[in-house]
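Written out below as structure tokens is the structure these notes cover.
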Amino acid sequence: MTPTHSISAIVIGAGLSGLAAASELRANDIPVTVLEASDRVADPWRARHPKLRLNIHRHFARLPGHHEPRQSDTYLPRDAVIDYLSEYASGLDAPIHFETRVLSVHRKGDLWQIETTKGVYSSTHLIVATGRESVPDMPIWPGIEEFGGKVIHAADFADPSRYDGKNVLVVGAGNSGSDVLNHLSRSNPAQVWISVRHGPSILPTRIFGFPMHRMARLFSRTPAWALDPVMAIMQWLSFGNLRRYGLRHHPKGGGSRLLRDAVTPALDDGFVKALKAGRFEAVGQTVGFSAYAAELADGRRVDPDVVICATGYRTGLEDLLGHLGVLDDDGYPLRPSGQADSRNPGLWFTGYSVTFEGFFYAAGIGARRIATSIAARSYQPSKTHSQQAIPRAANPRTLSVSGAEQ
């Protein structure tokens, strides 16, 4: 199929990482087009429940070349994130092609060929920025087809008041699980069970009145060997012995889980108090279902009206890029934050790594790495692509990446 669009760089995804990458590329005068499957910016955020708040301090919630959010709240509400991304996109000096879903990606000579629902594109550089949390990961338990209650993913949590008077089983108490539980603690469910295999690493939203996430830079500079004990001590000082309430310690500490597994610590904003008060009950791992009950690993059964699966997400990249050998066994990019791939020149990923500072900060790191690398390559003579952009004047801030970001 003959390409209908030939562009120096293509970004797949108009989320915060894709928009940041496009902005940094334009700062280096590199032509770029953004392809977005939905019909508007920030569509996944609009689908989240209205009372969602980020676990990220507003100080770290900014994208390259733009101001911090004007929202005065310490932790940004969902609508503030939507407004910020919409404003950022409106000022982007690059086209965004909406309702353009990518169907396949292949290497054709020295170019990438991208087949979409709106035609075929070719580019020297392809930046994949569809996000770590594109596809909700729903477990398949024995007997789940027979269960008469409602089973949803945490992504579909919606308004917390809809669970008032109901028996709710929340499977998982990590970051998304804790968010659900924090909201339920301020609502009036009849009963809440928290099904966990291991307890989470959990920190308070504030410590001595100071926002916990404002200390993210300190955590990022703490030696890796010290992170687990530091977080364990902070958890103990804040909440005491949570094993007494059924939340066991995870075999890995909070720092290890973030650095090795990209699992961020949970922030408490009410659910631990509800647990200690007996409003919530921590129970064992969910292993199956019958028509009216969830079956736990210890043989116990509970009878929820609603099961909320806070069981994580997948990238959904396997079908699109699995043939290129660029993903690990779990479907995450092997080079998640703007690192070059000599076996696939011109293919970049951004938005798939996790930092203590949060995903806005990570988006900036990936965007600067990619723009810096492409700008450097663009200065070199190319015989293979006559349309490759040559930056007129490189932006100093994109060509200076600190050692901490390498």
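Going through the structure tokens in order, the chains are called A, B, and so on, while each chain numbers its residues from 1 and the ligands are numbered from 1 in the order shown.
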Exercise for review: Can you check which residues of segment 71-182 of chain A DSSP gives as helix (DSSP H, G or I) on the backbone and send them as a ChimeraX atom specification?
Suggested key: /A:78-90,144-146,154-156,160-163,175-182
Review point. Could you pull out all residues of segment 13-104 of chain A with a DSSP call of strand (DSSP E or B) and give them as a list in words?
Key: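 In segment 13-104 of chain A, DSSP puts these residues in strand (DSSP E or B): Val32, Thr33, Val34, Leu35, Arg53, Leu54, Asn55, Ile56, His57, Tyr75, Leu76, Pro77, Ile96, His97, Val102, Leu103 and Ser104 of chain A.
Proximity to Asp268 of chain A was assessed for A:Gly119, A:Glu357, A:Asn55, A:Arg101 counting only C-alpha atoms; the smallest distance is recorded for A:Asn55.
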Review point. Do you know which residues are at most 10 Å from Ala362 of chain A counting only C-alpha atoms, after dropping those on the same chain fewer than 2 positions away, and could you put them as JSON, numbers by chain?
Key: {"A": [16, 17, 60, 63, 337, 350, 351, 352, 353, 354, 355, 356, 357, 358, 359, 360, 364, 365, 366, 367, 405]}
Once you have the residues from the selection above, write them out as a PDB file, in the first residue's frame, restricted to N, CA and C atoms.
ATOM      1  N   LEU A  16      -0.446  12.755  27.628  1.00  0.00           N
ATOM      2  CA  LEU A  16       0.563  13.701  28.107  1.00  0.00           C
ATOM      3  C   LEU A  16       1.961  13.379  27.578  1.00  0.00           C
ATOM      4  N   SER A  17       2.302  12.089  27.439  1.00  0.00           N
ATOM      5  CA  SER A  17       3.641  11.743  26.939  1.00  0.00           C
ATOM      6  C   SER A  17       3.774  12.039  25.448  1.00  0.00           C
ATOM      7  N   PHE A  60       4.826  18.860  40.447  1.00  0.00           N
ATOM      8  CA  PHE A  60       5.415  17.932  39.488  1.00  0.00           C
ATOM      9  C   PHE A  60       4.478  17.653  38.304  1.00  0.00           C
ATOM     10  N   LEU A  63       4.195  19.941  31.996  1.00  0.00           N
ATOM     11  CA  LEU A  63       4.800  19.376  30.804  1.00  0.00           C
ATOM     12  C   LEU A  63       5.788  20.372  30.204  1.00  0.00           C
ATOM     13  N   SER A 337      11.638   4.815  27.936  1.00  0.00           N
ATOM     14  CA  SER A 337      11.626   6.258  28.145  1.00  0.00           C
ATOM     15  C   SER A 337      12.629   6.986  27.257  1.00  0.00           C
ATOM     16  N   THR A 350       7.890   6.380  24.809  1.00  0.00           N
ATOM     17  CA  THR A 350       7.899   7.319  25.926  1.00  0.00           C
ATOM     18  C   THR A 350       6.601   7.188  26.713  1.00  0.00           C
ATOM     19  N   GLY A 351       6.702   7.351  28.034  1.00  0.00           N
ATOM     20  CA  GLY A 351       5.517   7.246  28.870  1.00  0.00           C
ATOM     21  C   GLY A 351       5.313   5.881  29.487  1.00  0.00           C
ATOM     22  N   TYR A 352       6.331   5.016  29.433  1.00  0.00           N
ATOM     23  CA  TYR A 352       6.182   3.656  29.954  1.00  0.00           C
ATOM     24  C   TYR A 352       7.062   3.397  31.168  1.00  0.00           C
ATOM     25  N   SER A 353       7.748   4.422  31.651  1.00  0.00           N
ATOM     26  CA  SER A 353       8.556   4.271  32.853  1.00  0.00           C
ATOM     27  C   SER A 353       7.877   4.991  34.003  1.00  0.00           C
ATOM     28  N   VAL A 354       8.295   4.672  35.213  1.00  0.00           N
ATOM     29  CA  VAL A 354       7.716   5.267  36.417  1.00  0.00           C
ATOM     30  C   VAL A 354       8.835   5.924  37.214  1.00  0.00           C
ATOM     31  N   THR A 355       8.577   7.128  37.707  1.00  0.00           N
ATOM     32  CA  THR A 355       9.533   7.817  38.566  1.00  0.00           C
ATOM     33  C   THR A 355       8.819   8.236  39.850  1.00  0.00           C
ATOM     34  N   PHE A 356       9.580   8.532  40.876  1.00  0.00           N
ATOM     35  CA  PHE A 356       8.986   9.011  42.117  1.00  0.00           C
ATOM     36  C   PHE A 356       8.222  10.312  41.881  1.00  0.00           C
ATOM     37  N   GLU A 357       8.710  11.128  40.952  1.00  0.00           N
ATOM     38  CA  GLU A 357       8.075  12.419  40.708  1.00  0.00           C
ATOM     39  C   GLU A 357       6.749  12.286  39.963  1.00  0.00           C
ATOM     40  N   GLY A 358       6.500  11.159  39.311  1.00  0.00           N
ATOM     41  CA  GLY A 358       5.228  10.953  38.641  1.00  0.00           C
ATOM     42  C   GLY A 358       5.335  10.974  37.129  1.00  0.00           C
ATOM     43  N   PHE A 359       4.191  10.716  36.483  1.00  0.00           N
ATOM     44  CA  PHE A 359       4.229  10.500  35.041  1.00  0.00           C
ATOM     45  C   PHE A 359       4.347  11.782  34.228  1.00  0.00           C
ATOM     46  N   PHE A 360       3.971  12.953  34.762  1.00  0.00           N
ATOM     47  CA  PHE A 360       4.240  14.200  34.050  1.00  0.00           C
ATOM     48  C   PHE A 360       5.759  14.402  33.930  1.00  0.00           C
ATOM     49  N   GLY A 364       8.355  14.324  30.517  1.00  0.00           N
ATOM     50  CA  GLY A 364       9.358  15.311  30.135  1.00  0.00           C
ATOM     51  C   GLY A 364      10.714  14.683  29.876  1.00  0.00           C
ATOM     52  N   ILE A 365      11.098  13.718  30.712  1.00  0.00           N
ATOM     53  CA  ILE A 365      12.376  13.027  30.513  1.00  0.00           C
ATOM     54  C   ILE A 365      12.397  12.334  29.166  1.00  0.00           C
ATOM     55  N   GLY A 366      11.360  11.532  28.883  1.00  0.00           N
ATOM     56  CA  GLY A 366      11.309  10.808  27.620  1.00  0.00           C
ATOM     57  C   GLY A 366      11.284  11.747  26.427  1.00  0.00           C
ATOM     58  N   ALA A 367      10.506  12.826  26.517  1.00  0.00           N
ATOM     59  CA  ALA A 367      10.397  13.772  25.414  1.00  0.00           C
ATOM     60  C   ALA A 367      11.736  14.429  25.105  1.00  0.00           C
ATOM     61  N   GLU A 405      18.797  12.123  34.357  1.00  0.00           N
ATOM     62  CA  GLU A 405      17.782  11.745  33.384  1.00  0.00           C
ATOM     63  C   GLU A 405      18.323  10.817  32.318  1.00  0.00           C
TER      64      GLU A 405
END
Point to revise | Within 10 Å of segment 144-158 of chain A using only C-alpha atoms, minus same-chain residues under 3 positions, as a VMD selection string | key: chain A and resid 44 to 45 47 to 52 133 135 to 141 161 to 163 168 to 172 176 to 177 179 to 180 183 288 to 294 303 to 313
Resulting file, chosen residues, C-alpha atoms, as a PDB file, in the first residue's frame:
ATOM      1  CA  PRO A  44      -9.112   8.332  28.917  1.00  0.00           C
ATOM      2  CA  TRP A  45      -9.117  10.900  31.730  1.00  0.00           C
ATOM      3  CA  ALA A  47     -13.729   8.256  31.404  1.00  0.00           C
ATOM      4  CA  ARG A  48     -12.339   8.116  34.958  1.00  0.00           C
ATOM      5  CA  HIS A  49     -14.608   8.819  37.893  1.00  0.00           C
ATOM      6  CA  PRO A  50     -15.302  12.537  38.505  1.00  0.00           C
ATOM      7  CA  LYS A  51     -13.821  12.587  42.010  1.00  0.00           C
ATOM      8  CA  LEU A  52     -10.487  11.103  40.971  1.00  0.00           C
ATOM      9  CA  GLU A 133      -2.475   1.927  31.352  1.00  0.00           C
ATOM     10  CA  VAL A 135      -6.007  -1.750  28.650  1.00  0.00           C
ATOM     11  CA  PRO A 136      -7.574  -2.692  32.010  1.00  0.00           C
ATOM     12  CA  ASP A 137      -6.256  -6.080  33.136  1.00  0.00           C
ATOM     13  CA  MET A 138      -9.188  -8.240  34.227  1.00  0.00           C
ATOM     14  CA  PRO A 139      -8.385 -11.576  35.889  1.00  0.00           C
ATOM     15  CA  ILE A 140     -10.234 -14.700  34.751  1.00  0.00           C
ATOM     16  CA  TRP A 141     -11.293 -16.595  37.862  1.00  0.00           C
ATOM     17  CA  SER A 161     -22.173   7.118  45.839  1.00  0.00           C
ATOM     18  CA  ARG A 162     -23.404   4.391  43.497  1.00  0.00           C
ATOM     19  CA  TYR A 163     -22.010   1.845  45.988  1.00  0.00           C
ATOM     20  CA  VAL A 168     -18.314  -4.385  47.826  1.00  0.00           C
ATOM     21  CA  LEU A 169     -15.261  -6.581  47.261  1.00  0.00           C
ATOM     22  CA  VAL A 170     -12.182  -4.639  46.144  1.00  0.00           C
ATOM     23  CA  VAL A 171      -9.543  -6.970  44.706  1.00  0.00           C
ATOM     24  CA  GLY A 172      -6.141  -5.364  45.164  1.00  0.00           C
ATOM     25  CA  SER A 176      -5.628   2.163  41.998  1.00  0.00           C
ATOM     26  CA  GLY A 177      -7.104  -0.042  44.734  1.00  0.00           C
ATOM     27  CA  ASP A 179      -7.767   5.257  45.322  1.00  0.00           C
ATOM     28  CA  VAL A 180     -11.023   3.283  45.158  1.00  0.00           C
ATOM     29  CA  HIS A 183     -13.332   7.195  47.963  1.00  0.00           C
ATOM     30  CA  GLY A 288     -12.778 -18.177  42.402  1.00  0.00           C
ATOM     31  CA  PHE A 289     -16.503 -17.494  42.291  1.00  0.00           C
ATOM     32  CA  SER A 290     -19.811 -19.278  42.623  1.00  0.00           C
ATOM     33  CA  ALA A 291     -23.253 -17.967  41.728  1.00  0.00           C
ATOM     34  CA  TYR A 292     -23.535 -15.752  44.800  1.00  0.00           C
ATOM     35  CA  ALA A 293     -20.117 -15.662  46.455  1.00  0.00           C
ATOM     36  CA  ALA A 294     -16.437 -14.973  46.026  1.00  0.00           C
ATOM     37  CA  ASP A 303     -21.119 -12.366  49.188  1.00  0.00           C
ATOM     38  CA  PRO A 304     -20.464  -9.079  47.346  1.00  0.00           C
ATOM     39  CA  ASP A 305     -23.002  -7.217  45.235  1.00  0.00           C
ATOM     40  CA  VAL A 306     -20.130  -5.605  43.327  1.00  0.00           C
ATOM     41  CA  VAL A 307     -16.558  -6.744  42.687  1.00  0.00           C
ATOM     42  CA  ILE A 308     -14.091  -3.969  41.796  1.00  0.00           C
ATOM     43  CA  CYS A 309     -10.911  -5.331  40.222  1.00  0.00           C
ATOM     44  CA  ALA A 310      -8.000  -3.031  41.059  1.00  0.00           C
ATOM     45  CA  THR A 311      -5.755  -5.454  39.222  1.00  0.00           C
ATOM     46  CA  GLY A 312      -3.720  -3.137  37.048  1.00  0.00           C
ATOM     47  CA  TYR A 313      -3.443  -2.440  33.360  1.00  0.00           C
TER      48      TYR A 313
END
Practice item. Go ahead and compute the interatomic distance for atom CA of Leu320 of chain A and atom CA of His106 of chain A, in Å to one decimal. Key: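 Separation of atom CA of Leu320 of chain A and atom CA of His106 of chain A: 9.2 Å.
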Practice item. May I ask which of the residues A:Arg40, A:His125, A:Arg300, A:His57 is the closest one to Ala89 of chain A, counting only C-alpha atoms? Key: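 The answer is A:Arg40, which sits nearest to Ala89 of chain A.
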